[in-house]
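Okay, structure first, notes after.
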Amino acid sequence: MDPRALVALRVVLGATLLVDVCLRARFLRFFYTDTGVLPRSVLAERFPTVAHASLYTLTGGDWWVAFLFALTGIAAGCLVAGYRTKAAAVCALVLLTGLHVRNPLVLNGGDSLLRRLLLWSVFLPLGTGMAMGANGTRVETAGSADARDGGQLLHPAAVGLLVQPVVVYVANATVKLRGDAWTDGTAVAMVFSLDSFTVLFGDALAGRPRVLAALGVGWLALLCCAPALVATTGRTRALVVGAFAAAHTGMALTLPSGCSPWSA
């Protein structure tokens, strides 16, 4: 793996986590405190196996939840800045996992993927490249020099990081191929017919069933091509990555999916 890719991963991962925390903070009291929809007593009753595996369950007060949200934001900021990246990644993983455990009812597939990406990142040298040292100065590590010389970083966790999105895409395609809604192009139209599921340009697309059908079939075809993300190199891989990036950007501009498109 190109060490520069890890630098990009670190920055994007930290930024995604920071945005995610800011979005959730709008409903901090409603979703994550004892005065909200899921008090700790109800959480323990419905999810007894994981109810106590979270820092958020130590107390149900607003101040404690706000404090943990702030810590998560700081960890995310450290990832973006490249400051003590290993410790920041560990803290971010622990805090994000605890946040998800506190209210599993408001999660989606993107949240699970974000946790897994953070898990892989804990074992990767995210400080590779231009990173901030302990004294606050910008330092250049050996990885960036290797990248300039055309060197590649070999790390076991890098394999998992590369394979993870492919597994997600292939599993997604497998589920979609079990029925007819995606192959005949009606699935996306059904989603866009719900006004509460569309944002920004989504309302404009909702009245164009043929365009939505083409987009649905195209997305399914792209999912089936996911193995090309690891099986190809050079321009071919760049083309496939660009196609997925464009698809996720389109989702973010039409559907209220939070940070899910960017996690992938």
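Identifiers in this document derive from the order of the structure tokens: chains are assigned A, B, ..., residues are numbered from 1 separately in each chain, and ligands are numbered from 1 in order of occurrence.
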Set out as a Markdown table a contact list for range 180-199 of chain A and range 237-255 of chain A with a cut-off of 10 Å, giving each residue of range 180-199 of chain A that qualifies its closest atom pair and distance in Å to one decimal, counting only C-alpha atoms, ordered by chain and rising residue number.
| residue | atom | partner | partner_atom | distance |
| --- | --- | --- | --- | --- |
| A:Val191 | CA | A:Leu255 | CA | 9.2 |
| A:Phe192 | CA | A:Leu255 | CA | 8.4 |
| A:Ser196 | CA | A:Leu255 | CA | 9.1 |
| A:Phe197 | CA | A:Leu255 | CA | 5.8 |
| A:Thr198 | CA | A:Leu255 | CA | 4.8 |
| A:Val199 | CA | A:Thr254 | CA | 5.0 |
Tell me, as a tab-separated table (two decimals) with C-alpha atoms, in the first residue's frame, which residues lie within 9 Å of Ala89 in chain A, counting only C-alpha atoms; anything in the same chain fewer than 6 positions away does not count.
chain	number	residue	atom	x	y	z
A	14	GLY	CA	-10.95	11.68	11.23
A	75	ALA	CA	-9.72	12.26	18.98
A	76	ALA	CA	-11.11	12.84	15.50
A	78	CYS	CA	-6.04	14.51	16.30
A	79	LEU	CA	-6.48	12.00	13.48
A	118	LEU	CA	-11.13	2.49	12.80
A	119	LEU	CA	-10.27	-1.01	14.03
A	121	SER	CA	-6.49	1.78	11.49
A	122	VAL	CA	-5.41	1.00	15.04
A	126	LEU	CA	-1.34	6.20	10.32
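Comparing A:Leu161, A:Leu6, A:Thr72, A:Ala88 by their smallest distance to Leu18 in chain A, the closest is A:Thr72 (using only C-alpha atoms).
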Which of range 49-111 of chain A end up as helix (DSSP H, G or I) when DSSP is run on this backbone - answer as number ranges by chain? A: 55-57, 62-81, 85-102, 104-106, 109-111
At most 12 Å is the cut-off: for each residue in range 56-81 of chain A with any atom that close to an atom of range 41-50 of chain A, write down the nearest atom pair and the distance in Å rounded to one decimal, counting only C-alpha atoms, chain first then increasing number, as a tab-separated table.
residue	atom	partner	partner_atom	distance
A:Tyr56	CA	A:Leu43	CA	11.4
A:Thr57	CA	A:Leu43	CA	9.2
A:Leu58	CA	A:Ser41	CA	11.9
A:Thr59	CA	A:Ser41	CA	11.2
A:Gly60	CA	A:Ser41	CA	10.0
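For the pair CA of Ala228 in chain A and CA of Val166 in chain A, the separation is 8.7 Å.
Atom pair CA of Arg116 in chain A / CA of Leu93 in chain A has a distance of 8.8 Å (rounded to one decimal).
Nearest residue to Val21 in chain A among A:Val65, A:Ala226, A:Leu194, A:Val163 is A:Val65, counting only C-alpha atoms.
Minimum atom-to-atom distances from A:Gly127, A:Asp184, A:Tyr32, A:Arg84 to Gly98 in chain A were compared using only C-alpha atoms, and the lowest value belongs to A:Tyr32.
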Need the shell around Leu28 in chain A: protein/DNA/RNA residues with any atom at most 9 Å away, counting only C-alpha atoms. Skip same-chain ones fewer than 3 positions apart. Format as a list in words? Arg24, Ala25, Phe31, Tyr32, Thr33, Gly36, Asp62, Val65, Ala66 and Phe69 of chain A
Smallest atom-to-atom distance to Arg178 in chain A: which of A:Lys86, A:Leu229, A:Leu212, A:Leu220, using only C-alpha atoms? A:Leu220
